[in-house]
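Pasting query.cif here (mmCIF, C-alpha atoms and all ligand atoms):
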data_coords
#
loop_
_atom_site.label_atom_id
_atom_site.label_comp_id
_atom_site.auth_asym_id
_atom_site.auth_seq_id
_atom_site.Cartn_x
_atom_site.Cartn_y
_atom_site.Cartn_z
CA MET A 29 -58.97 -19.37 24.64
CA LEU A 30 -58.33 -15.69 24.11
CA ASP A 31 -59.47 -14.52 20.68
CA PHE A 32 -56.57 -12.33 19.64
CA THR A 33 -58.16 -11.49 16.30
CA ARG A 34 -60.82 -9.43 18.08
CA ALA A 35 -58.26 -7.04 19.51
CA GLU A 36 -59.17 -3.37 19.72
CA PHE A 37 -57.11 -0.35 20.67
CA ILE A 38 -58.29 1.17 23.95
CA LYS A 39 -55.87 3.89 24.97
CA SER A 40 -52.34 5.16 25.28
CA ALA A 41 -51.01 6.04 28.75
CA ALA A 42 -48.05 8.40 29.18
CA GLY A 43 -47.82 7.89 32.94
CA ALA A 44 -49.11 6.00 35.96
CA ASP A 45 -52.29 8.08 36.24
CA GLY A 46 -53.33 6.75 32.82
CA PHE A 47 -52.79 3.07 33.61
CA ILE A 48 -55.77 0.72 33.43
CA ARG A 49 -56.34 -0.97 36.78
CA ASP A 50 -59.54 -2.90 36.26
CA GLY A 51 -58.16 -6.26 37.42
CA LEU A 52 -58.17 -7.91 33.97
CA PRO A 53 -54.96 -9.73 33.00
CA GLN A 54 -52.36 -7.65 31.15
CA ILE A 55 -49.88 -9.25 28.77
CA ALA A 56 -46.90 -6.92 28.42
CA PHE A 57 -44.94 -6.88 25.14
CA THR A 58 -41.39 -5.57 25.32
CA GLY A 59 -38.30 -5.56 23.15
CA ARG A 60 -35.57 -3.46 21.62
CA SER A 61 -36.62 -0.82 19.13
CA ASN A 62 -36.83 -2.36 15.67
CA VAL A 63 -36.86 -5.97 16.92
CA GLY A 64 -40.27 -6.38 15.31
CA LYS A 65 -42.55 -5.94 18.33
CA SER A 66 -45.29 -4.23 16.32
CA SER A 67 -44.96 -6.87 13.60
CA VAL A 68 -45.27 -9.69 16.15
CA ILE A 69 -48.42 -8.11 17.62
CA ASN A 70 -49.82 -7.73 14.09
CA THR A 71 -49.29 -11.43 13.34
CA LEU A 72 -50.85 -12.38 16.67
CA VAL A 73 -54.02 -10.38 15.99
CA ARG A 74 -53.85 -11.30 12.28
CA ARG A 75 -54.08 -7.72 11.06
CA LYS A 76 -51.57 -5.91 8.90
CA ASN A 77 -51.43 -2.41 10.35
CA PHE A 78 -52.77 -2.90 13.83
CA ALA A 79 -49.84 -1.94 16.03
CA ARG A 80 -47.80 0.45 13.94
CA VAL A 81 -44.68 -0.78 12.16
CA GLY A 82 -41.59 1.31 11.69
CA SER A 83 -42.59 4.32 13.79
CA THR A 84 -39.70 6.49 14.93
CA PRO A 85 -37.81 4.30 17.39
CA GLY A 86 -37.51 5.49 20.96
CA LYS A 87 -39.85 8.43 20.50
CA THR A 88 -43.04 6.97 21.83
CA ALA A 89 -42.81 6.42 25.57
CA HIS A 90 -46.37 5.28 26.09
CA VAL A 91 -48.11 2.16 27.25
CA ASN A 92 -50.61 1.21 24.54
CA TYR A 93 -53.56 -0.92 25.62
CA PHE A 94 -55.30 -3.35 23.31
CA ARG A 95 -58.33 -5.22 24.59
CA ILE A 96 -58.67 -8.90 23.67
CA GLY A 97 -61.90 -9.99 25.34
CA PRO A 98 -61.23 -10.55 29.07
CA ALA A 99 -57.57 -9.37 28.92
CA TYR A 100 -55.26 -6.70 27.53
CA ILE A 101 -52.16 -6.69 25.43
CA THR A 102 -49.98 -3.84 26.61
CA ASP A 103 -47.43 -2.59 24.10
CA LEU A 104 -44.53 -1.04 26.02
CA PRO A 105 -42.08 1.38 24.41
CA GLY A 106 -39.02 -0.18 22.76
CA TYR A 107 -35.59 0.29 24.30
CA GLY A 108 -31.96 0.33 23.27
CA PHE A 109 -32.19 2.87 20.49
CA ALA A 110 -28.86 4.69 20.47
CA GLN A 111 -30.10 8.06 19.32
CA VAL A 112 -32.55 8.84 22.11
CA THR A 113 -31.73 11.79 24.35
CA ARG A 114 -31.02 11.39 28.01
CA SER A 115 -34.31 12.96 29.01
CA GLU A 116 -36.20 10.57 26.71
CA ARG A 117 -34.34 7.65 28.27
CA GLU A 118 -35.23 8.88 31.74
CA ARG A 119 -38.86 9.26 30.78
CA TRP A 120 -38.80 5.70 29.43
CA ALA A 121 -37.26 4.32 32.64
CA LYS A 122 -39.78 6.18 34.80
CA LEU A 123 -42.70 4.86 32.79
CA MET A 124 -41.42 1.27 32.87
CA GLU A 125 -40.69 1.48 36.59
CA ALA A 126 -44.20 2.78 37.24
CA TYR A 127 -45.80 0.12 35.05
CA PHE A 128 -43.86 -2.79 36.53
CA SER A 129 -44.46 -1.67 40.10
CA SER A 130 -48.17 -1.16 39.47
CA GLY A 131 -48.88 -4.87 39.95
CA CYS A 132 -50.82 -4.92 36.68
CA VAL A 133 -48.53 -7.23 34.68
CA THR A 134 -49.86 -10.78 34.45
CA CYS A 135 -47.47 -12.18 31.90
CA GLY A 136 -44.62 -10.86 29.79
CA VAL A 137 -43.63 -11.39 26.19
CA LEU A 138 -39.98 -10.49 25.64
CA ILE A 139 -39.09 -10.23 21.96
CA VAL A 140 -35.45 -10.66 20.99
CA ASP A 141 -33.66 -10.84 17.65
CA ALA A 142 -32.99 -14.47 16.68
CA ARG A 143 -29.81 -13.40 14.88
CA HIS A 144 -28.01 -11.94 17.87
CA LYS A 145 -27.02 -12.67 21.43
CA PRO A 146 -29.50 -10.81 23.69
CA THR A 147 -28.18 -7.39 24.70
CA GLY A 148 -27.57 -6.09 28.20
CA ASP A 149 -30.88 -4.25 27.90
CA ASP A 150 -32.66 -7.52 27.08
CA VAL A 151 -31.12 -9.14 30.16
CA THR A 152 -32.23 -6.17 32.29
CA MET A 153 -35.73 -6.49 30.87
CA MET A 154 -35.76 -10.20 31.77
CA GLU A 155 -34.75 -9.30 35.33
CA TRP A 156 -37.53 -6.75 35.49
CA TYR A 157 -40.04 -9.44 34.63
CA ARG A 158 -38.50 -11.86 37.14
CA ASP A 159 -38.66 -9.26 39.90
CA SER A 160 -42.31 -8.63 39.12
CA GLY A 161 -42.91 -12.37 39.58
CA CYS A 162 -44.81 -12.92 36.36
CA PRO A 163 -44.15 -15.65 33.77
CA VAL A 164 -42.16 -14.56 30.71
CA ILE A 165 -42.50 -15.88 27.19
CA ILE A 166 -39.44 -15.29 25.04
CA VAL A 167 -39.95 -14.80 21.32
CA ALA A 168 -36.93 -15.10 18.99
CA ASN A 169 -38.13 -13.02 16.05
CA LYS A 170 -36.73 -12.68 12.50
CA LEU A 171 -35.96 -16.39 12.36
CA ASP A 172 -36.45 -16.25 8.59
CA LYS A 173 -33.15 -14.38 8.43
CA LEU A 174 -31.20 -17.34 9.84
CA LYS A 175 -29.61 -20.20 7.95
CA LYS A 176 -30.95 -23.57 9.04
CA SER A 177 -27.64 -24.44 10.68
CA GLU A 178 -27.75 -21.27 12.80
CA ILE A 179 -31.15 -21.88 14.37
CA GLU A 180 -30.29 -24.35 17.15
CA PRO A 181 -27.08 -22.63 18.32
CA ASN A 182 -28.72 -19.19 18.28
CA LEU A 183 -31.71 -20.39 20.28
CA GLY A 184 -29.28 -21.97 22.74
CA THR A 185 -27.42 -18.68 23.13
CA ILE A 186 -30.69 -16.85 23.79
CA VAL A 187 -31.79 -19.40 26.42
CA GLY A 188 -28.36 -19.26 28.08
CA THR A 189 -27.96 -15.48 28.07
CA LEU A 190 -31.42 -14.82 29.45
CA GLY A 191 -31.26 -17.69 31.94
CA ALA A 192 -34.46 -19.09 30.50
CA GLU A 193 -35.62 -22.69 30.69
CA ASP A 194 -34.71 -25.06 27.86
CA GLY A 195 -37.34 -25.04 25.15
CA SER A 196 -38.97 -21.90 26.53
CA VAL A 197 -38.01 -19.71 23.57
CA ILE A 198 -40.50 -19.56 20.72
CA PRO A 199 -38.85 -19.43 17.28
CA TYR A 200 -40.75 -16.72 15.43
CA SER A 201 -41.01 -14.90 12.15
CA ALA A 202 -43.45 -12.04 11.84
CA GLN A 203 -42.69 -12.20 8.13
CA THR A 204 -43.81 -15.81 7.57
CA GLY A 205 -46.15 -16.23 10.55
CA LEU A 206 -43.96 -18.99 12.05
CA GLY A 207 -44.60 -19.35 15.77
CA ARG A 208 -47.86 -17.39 15.83
CA ASP A 209 -50.03 -20.23 17.14
CA ALA A 210 -47.35 -21.32 19.63
CA LEU A 211 -47.25 -17.77 21.03
CA ALA A 212 -51.04 -17.59 21.28
CA ALA A 213 -51.08 -20.93 23.13
CA ALA A 214 -48.25 -19.89 25.46
CA ILE A 215 -50.07 -16.68 26.39
CA ASP A 216 -53.27 -18.65 27.02
CA ARG A 217 -51.39 -20.98 29.35
CA ALA A 218 -49.68 -18.12 31.20
CA VAL A 219 -52.90 -16.18 31.67
CA GLY A 220 -54.83 -19.33 32.55
CA LYS A 221 -57.60 -18.95 29.95
P1 LIG O 1 -40.63 -2.50 16.46
O1 LIG O 1 -39.87 -1.21 16.45
O2 LIG O 1 -40.04 -3.47 17.41
O3 LIG O 1 -42.11 -2.35 16.64
O4 LIG O 1 -40.36 -3.19 15.03
P2 LIG O 1 -41.27 -3.21 13.72
O5 LIG O 1 -42.41 -4.17 13.89
O6 LIG O 1 -41.59 -1.81 13.31
O7 LIG O 1 -40.24 -3.91 12.69
C1 LIG O 1 -38.99 -3.33 12.41
C2 LIG O 1 -38.55 -3.80 11.01
O8 LIG O 1 -38.25 -5.19 11.03
C3 LIG O 1 -39.60 -3.59 9.93
O9 LIG O 1 -38.95 -3.22 8.74
C4 LIG O 1 -40.24 -4.98 9.80
O10 LIG O 1 -40.77 -5.20 8.52
C5 LIG O 1 -39.04 -5.89 10.06
N1 LIG O 1 -39.42 -7.18 10.65
C6 LIG O 1 -40.18 -7.39 11.75
N2 LIG O 1 -40.30 -8.70 12.01
C7 LIG O 1 -39.63 -9.35 11.05
C8 LIG O 1 -39.37 -10.76 10.78
O11 LIG O 1 -39.80 -11.68 11.50
N3 LIG O 1 -38.59 -11.03 9.68
C9 LIG O 1 -38.08 -10.07 8.88
N4 LIG O 1 -37.32 -10.45 7.85
N5 LIG O 1 -38.29 -8.75 9.12
C10 LIG O 1 -39.06 -8.40 10.18
#
What would you get if you wrote out this structure as structure tokens?
Amino acid sequence: MLDFTRAEFIKSAAGADGFIRDGLPQIAFTGRSNVGKSSVINTLVRRKNFARVGSTPGKTAHVNYFRIGPAYITDLPGYGFAQVTRSERERWAKLMEAYFSSGCVTCGVLIVDARHKPTGDDVTMMEWYRDSGCPVIIVANKLDKLKKSEIEPNLGTIVGTLGAEDGSVIPYSAQTGLGRDALAAAIDRAVGK
């Protein structure tokens, strides 16, 4: 079992020459800006201000590496923020392309908003993971914002839009901690620890 609570920040890489290539598994976290990616990582490691929350969306095109014993969490820059400039978008695409073609990704965690149908960017992200051949765990975050009656249909829409397997989406709330242990277990299974 990976001990997520012992996570420590290692480094931030702005390009391929900064990537860690030591052969340890890397669990890549992706999602739209503001979807709650930092908050999900914080619940996973059980620390309040570990990955930053609410930093300027779309402005940080870096891969952040957090060590969790014999593996890494990699925090990839959020996407889909309308106000980013074209050059920032290009820098983002270049970094993602380099990271996904590096062969370093062991497993992906795609975080989507439980309230909405996944966006075109989310679908593209899912395809990126598929092309890289690694297993993807889908997290439907902000579930606390749904009415009870909305949960099942929304999860169904997410599964259908992303072409995921039934039951493969983890209902999550970084606010209440719902889904935290299920996510930890799913990562363990995907990484084979
Ligand atoms: P990031 O840009 O994807 O890293 O998103 P953040 O973690 O910074 O979260 C964006 C905003 O959504 C913040 O105001 C968080 O407090 C809020 N947020 C994140 N997760 C949840 C959740 O599960 N429920 C609710 N209600 N708010 C959340």
Self-check item: Contacts of ligand LIG 1 (chain O), 8 Å or closer, only C-alpha atoms and all ligand atoms, given as a ChimeraX atom specification
Solution: /A:59-68,79-85,106,169-173,200-205
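Taking CA of Ile186 in chain A and CA of Leu206 in chain A as the two end points, the separation is 17.8 Å.
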Self-check item: Contacts of Leu183 in chain A within 8 Å, only C-alpha atoms, excl. fewer than 5 positions in-chain, as a PyMOL selection string
Solution: chain A and resi 142+168+197+199
Quiz item: With all atoms listed in the file as the atoms that count, which of A:Leu174, A:Leu72, A:Leu123, A:Ile55 lies nearest to Pro98 in chain A?
Solution: A:Ile55
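The space separating CA of Pro163 in chain A from CA of Cys135 in chain A comes to 5.2 Å.
Residues in contact with Asp31 in chain A at up to 8 Å, not including ones fewer than 2 positions away on its chain and judged by only C-alpha atoms, are A:Met29, A:Thr33, A:Arg34, A:Ala35, A:Ile96, A:Gly97.
The spacing separating CA of Ile101 in chain A from CA of Ser40 in chain A amounts to 11.9 Å.
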Practice problem: May I ask which of the residues A:Ala99, A:Val112, A:Val91, A:Val164 is the closest one to Glu125 in chain A, counting only C-alpha atoms? | Solution: A:Val91
Self-check item: Selected residue, from A:Leu104, A:Ala121, A:Leu190, A:Asp159, that lies nearest to Pro146 in chain A when counting all atoms listed in the file
Solution: A:Leu190
Quiz item: Which neighbours of Gly46 in chain A fall inside 12 Å, counting only C-alpha atoms, when residues of the same chain fewer than 6 positions from it are skipped, and could you give them as number ranges by chain?
Solution: A: 38-40, 90-93, 123, 126-127, 130
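The shell of residues at most 7 Å from Trp120 in chain A, with only C-alpha atoms counted and near chain neighbours (fewer than 4 positions) removed, consists of Ala89, Glu116 and Met124 of chain A.
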Self-check item: From A:Val219, A:Ala110, A:Ala214, A:Ala192, residue lying nearest Asp149 in chain A [all atoms listed in the file]
Solution: A:Ala110
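Counting only C-alpha atoms, the residue from A:Ser196, A:Ser177, A:Thr113, A:Ser129 that sits nearest to Tyr157 in chain A is A:Ser129.
Compared by their closest atoms to Ala218 in chain A, and using only C-alpha atoms, the residues A:Val133, A:Ala42, A:Arg95, A:Arg74 rank with A:Val133 nearest.
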Using the file's own x, y and z axes, what box holds all listed atoms of range 213-219 of chain A with 8 Å on each side, keeping edges along x, y and z, and what are its centre and edge lengths in Å to one decimal, as AutoDock Vina command-line options?
--center_x -50.8 --center_y -18.6 --center_z 27.4 --size_x 21.0 --size_y 20.8 --size_z 24.5
Where atoms are missing, can you supply all heavy atoms for range 150-161 of chain A and output the lot as a PDB file, keeping the file's coordinate frame?
ATOM      1  N   ASP A 150     -31.727  -6.377  27.066  1.00  0.00           N
ATOM      2  CA  ASP A 150     -32.660  -7.520  27.080  1.00  0.00           C
ATOM      3  C   ASP A 150     -32.557  -8.271  28.414  1.00  0.00           C
ATOM      4  O   ASP A 150     -33.570  -8.696  28.975  1.00  0.00           O
ATOM      5  CB  ASP A 150     -32.318  -8.494  25.938  1.00  0.00           C
ATOM      6  CG  ASP A 150     -32.624  -7.927  24.553  1.00  0.00           C
ATOM      7  OD1 ASP A 150     -33.569  -7.133  24.416  1.00  0.00           O
ATOM      8  OD2 ASP A 150     -31.891  -8.295  23.609  1.00  0.00           O
ATOM      9  N   VAL A 151     -31.320  -8.431  28.893  1.00  0.00           N
ATOM     10  CA  VAL A 151     -31.120  -9.140  30.160  1.00  0.00           C
ATOM     11  C   VAL A 151     -31.772  -8.351  31.305  1.00  0.00           C
ATOM     12  O   VAL A 151     -32.444  -8.922  32.176  1.00  0.00           O
ATOM     13  CB  VAL A 151     -29.610  -9.360  30.428  1.00  0.00           C
ATOM     14  CG1 VAL A 151     -29.372  -9.929  31.814  1.00  0.00           C
ATOM     15  CG2 VAL A 151     -29.006 -10.290  29.371  1.00  0.00           C
ATOM     16  N   THR A 152     -31.600  -7.023  31.274  1.00  0.00           N
ATOM     17  CA  THR A 152     -32.230  -6.170  32.290  1.00  0.00           C
ATOM     18  C   THR A 152     -33.746  -6.315  32.257  1.00  0.00           C
ATOM     19  O   THR A 152     -34.405  -6.405  33.301  1.00  0.00           O
ATOM     20  CB  THR A 152     -31.842  -4.694  32.074  1.00  0.00           C
ATOM     21  OG1 THR A 152     -30.418  -4.601  32.103  1.00  0.00           O
ATOM     22  CG2 THR A 152     -32.436  -3.785  33.128  1.00  0.00           C
ATOM     23  N   MET A 153     -34.272  -6.354  31.040  1.00  0.00           N
ATOM     24  CA  MET A 153     -35.730  -6.490  30.870  1.00  0.00           C
ATOM     25  C   MET A 153     -36.206  -7.813  31.479  1.00  0.00           C
ATOM     26  O   MET A 153     -37.218  -7.864  32.176  1.00  0.00           O
ATOM     27  CB  MET A 153     -36.018  -6.463  29.367  1.00  0.00           C
ATOM     28  CG  MET A 153     -37.444  -6.208  29.018  1.00  0.00           C
ATOM     29  SD  MET A 153     -37.947  -4.546  29.459  1.00  0.00           S
ATOM     30  CE  MET A 153     -39.182  -4.935  30.644  1.00  0.00           C
ATOM     31  N   MET A 154     -35.435  -8.862  31.230  1.00  0.00           N
ATOM     32  CA  MET A 154     -35.760 -10.200  31.770  1.00  0.00           C
ATOM     33  C   MET A 154     -35.776 -10.147  33.300  1.00  0.00           C
ATOM     34  O   MET A 154     -36.652 -10.729  33.938  1.00  0.00           O
ATOM     35  CB  MET A 154     -34.682 -11.175  31.264  1.00  0.00           C
ATOM     36  CG  MET A 154     -34.943 -12.600  31.584  1.00  0.00           C
ATOM     37  SD  MET A 154     -36.219 -13.303  30.533  1.00  0.00           S
ATOM     38  CE  MET A 154     -36.348 -14.918  31.282  1.00  0.00           C
ATOM     39  N   GLU A 155     -34.805  -9.409  33.866  1.00  0.00           N
ATOM     40  CA  GLU A 155     -34.750  -9.300  35.330  1.00  0.00           C
ATOM     41  C   GLU A 155     -35.962  -8.523  35.862  1.00  0.00           C
ATOM     42  O   GLU A 155     -36.510  -8.832  36.915  1.00  0.00           O
ATOM     43  CB  GLU A 155     -33.447  -8.606  35.750  1.00  0.00           C
ATOM     44  CG  GLU A 155     -32.274  -9.584  35.700  1.00  0.00           C
ATOM     45  CD  GLU A 155     -30.924  -8.893  35.672  1.00  0.00           C
ATOM     46  OE1 GLU A 155     -30.863  -7.647  35.773  1.00  0.00           O
ATOM     47  OE2 GLU A 155     -29.911  -9.613  35.527  1.00  0.00           O
ATOM     48  N   TRP A 156     -36.359  -7.536  35.104  1.00  0.00           N
ATOM     49  CA  TRP A 156     -37.530  -6.750  35.490  1.00  0.00           C
ATOM     50  C   TRP A 156     -38.760  -7.643  35.605  1.00  0.00           C
ATOM     51  O   TRP A 156     -39.534  -7.581  36.556  1.00  0.00           O
ATOM     52  CB  TRP A 156     -37.768  -5.649  34.446  1.00  0.00           C
ATOM     53  CG  TRP A 156     -37.920  -4.283  35.033  1.00  0.00           C
ATOM     54  CD1 TRP A 156     -38.492  -3.984  36.224  1.00  0.00           C
ATOM     55  CD2 TRP A 156     -37.482  -3.051  34.461  1.00  0.00           C
ATOM     56  NE1 TRP A 156     -38.456  -2.632  36.422  1.00  0.00           N
ATOM     57  CE2 TRP A 156     -37.847  -2.039  35.350  1.00  0.00           C
ATOM     58  CE3 TRP A 156     -36.848  -2.705  33.270  1.00  0.00           C
ATOM     59  CZ2 TRP A 156     -37.595  -0.691  35.094  1.00  0.00           C
ATOM     60  CZ3 TRP A 156     -36.598  -1.369  33.023  1.00  0.00           C
ATOM     61  CH2 TRP A 156     -36.958  -0.378  33.925  1.00  0.00           C
ATOM     62  N   TYR A 157     -38.921  -8.496  34.599  1.00  0.00           N
ATOM     63  CA  TYR A 157     -40.040  -9.440  34.630  1.00  0.00           C
ATOM     64  C   TYR A 157     -39.915 -10.380  35.827  1.00  0.00           C
ATOM     65  O   TYR A 157     -40.880 -10.643  36.534  1.00  0.00           O
ATOM     66  CB  TYR A 157     -40.069 -10.281  33.358  1.00  0.00           C
ATOM     67  CG  TYR A 157     -40.715  -9.600  32.165  1.00  0.00           C
ATOM     68  CD1 TYR A 157     -40.038  -9.496  30.953  1.00  0.00           C
ATOM     69  CD2 TYR A 157     -42.008  -9.093  32.235  1.00  0.00           C
ATOM     70  CE1 TYR A 157     -40.627  -8.894  29.840  1.00  0.00           C
ATOM     71  CE2 TYR A 157     -42.602  -8.497  31.139  1.00  0.00           C
ATOM     72  CZ  TYR A 157     -41.907  -8.399  29.944  1.00  0.00           C
ATOM     73  OH  TYR A 157     -42.482  -7.811  28.862  1.00  0.00           O
ATOM     74  N   ARG A 158     -38.690 -10.904  36.036  1.00  0.00           N
ATOM     75  CA  ARG A 158     -38.500 -11.860  37.140  1.00  0.00           C
ATOM     76  C   ARG A 158     -38.866 -11.214  38.465  1.00  0.00           C
ATOM     77  O   ARG A 158     -39.539 -11.806  39.289  1.00  0.00           O
ATOM     78  CB  ARG A 158     -37.057 -12.311  37.192  1.00  0.00           C
ATOM     79  CG  ARG A 158     -36.750 -13.345  36.158  1.00  0.00           C
ATOM     80  CD  ARG A 158     -35.766 -14.391  36.686  1.00  0.00           C
ATOM     81  NE  ARG A 158     -35.397 -15.273  35.596  1.00  0.00           N
ATOM     82  CZ  ARG A 158     -34.367 -15.040  34.779  1.00  0.00           C
ATOM     83  NH1 ARG A 158     -33.596 -13.980  34.954  1.00  0.00           N
ATOM     84  NH2 ARG A 158     -34.111 -15.850  33.793  1.00  0.00           N
ATOM     85  N   ASP A 159     -38.385  -9.961  38.645  1.00  0.00           N
ATOM     86  CA  ASP A 159     -38.660  -9.260  39.900  1.00  0.00           C
ATOM     87  C   ASP A 159     -40.157  -9.043  40.096  1.00  0.00           C
ATOM     88  O   ASP A 159     -40.638  -8.985  41.223  1.00  0.00           O
ATOM     89  CB  ASP A 159     -37.944  -7.899  39.918  1.00  0.00           C
ATOM     90  CG  ASP A 159     -36.432  -8.069  40.038  1.00  0.00           C
ATOM     91  OD1 ASP A 159     -35.989  -9.202  40.339  1.00  0.00           O
ATOM     92  OD2 ASP A 159     -35.695  -7.084  39.827  1.00  0.00           O
ATOM     93  N   SER A 160     -40.872  -8.869  38.990  1.00  0.00           N
ATOM     94  CA  SER A 160     -42.310  -8.630  39.120  1.00  0.00           C
ATOM     95  C   SER A 160     -43.043  -9.952  39.369  1.00  0.00           C
ATOM     96  O   SER A 160     -44.234  -9.947  39.669  1.00  0.00           O
ATOM     97  CB  SER A 160     -42.859  -7.939  37.870  1.00  0.00           C
ATOM     98  OG  SER A 160     -42.947  -8.863  36.811  1.00  0.00           O
ATOM     99  N   GLY A 161     -42.326 -11.074  39.230  1.00  0.00           N
ATOM    100  CA  GLY A 161     -42.910 -12.370  39.580  1.00  0.00           C
ATOM    101  C   GLY A 161     -43.827 -12.969  38.533  1.00  0.00           C
ATOM    102  O   GLY A 161     -44.487 -13.968  38.791  1.00  0.00           O
TER     103      GLY A 161
END
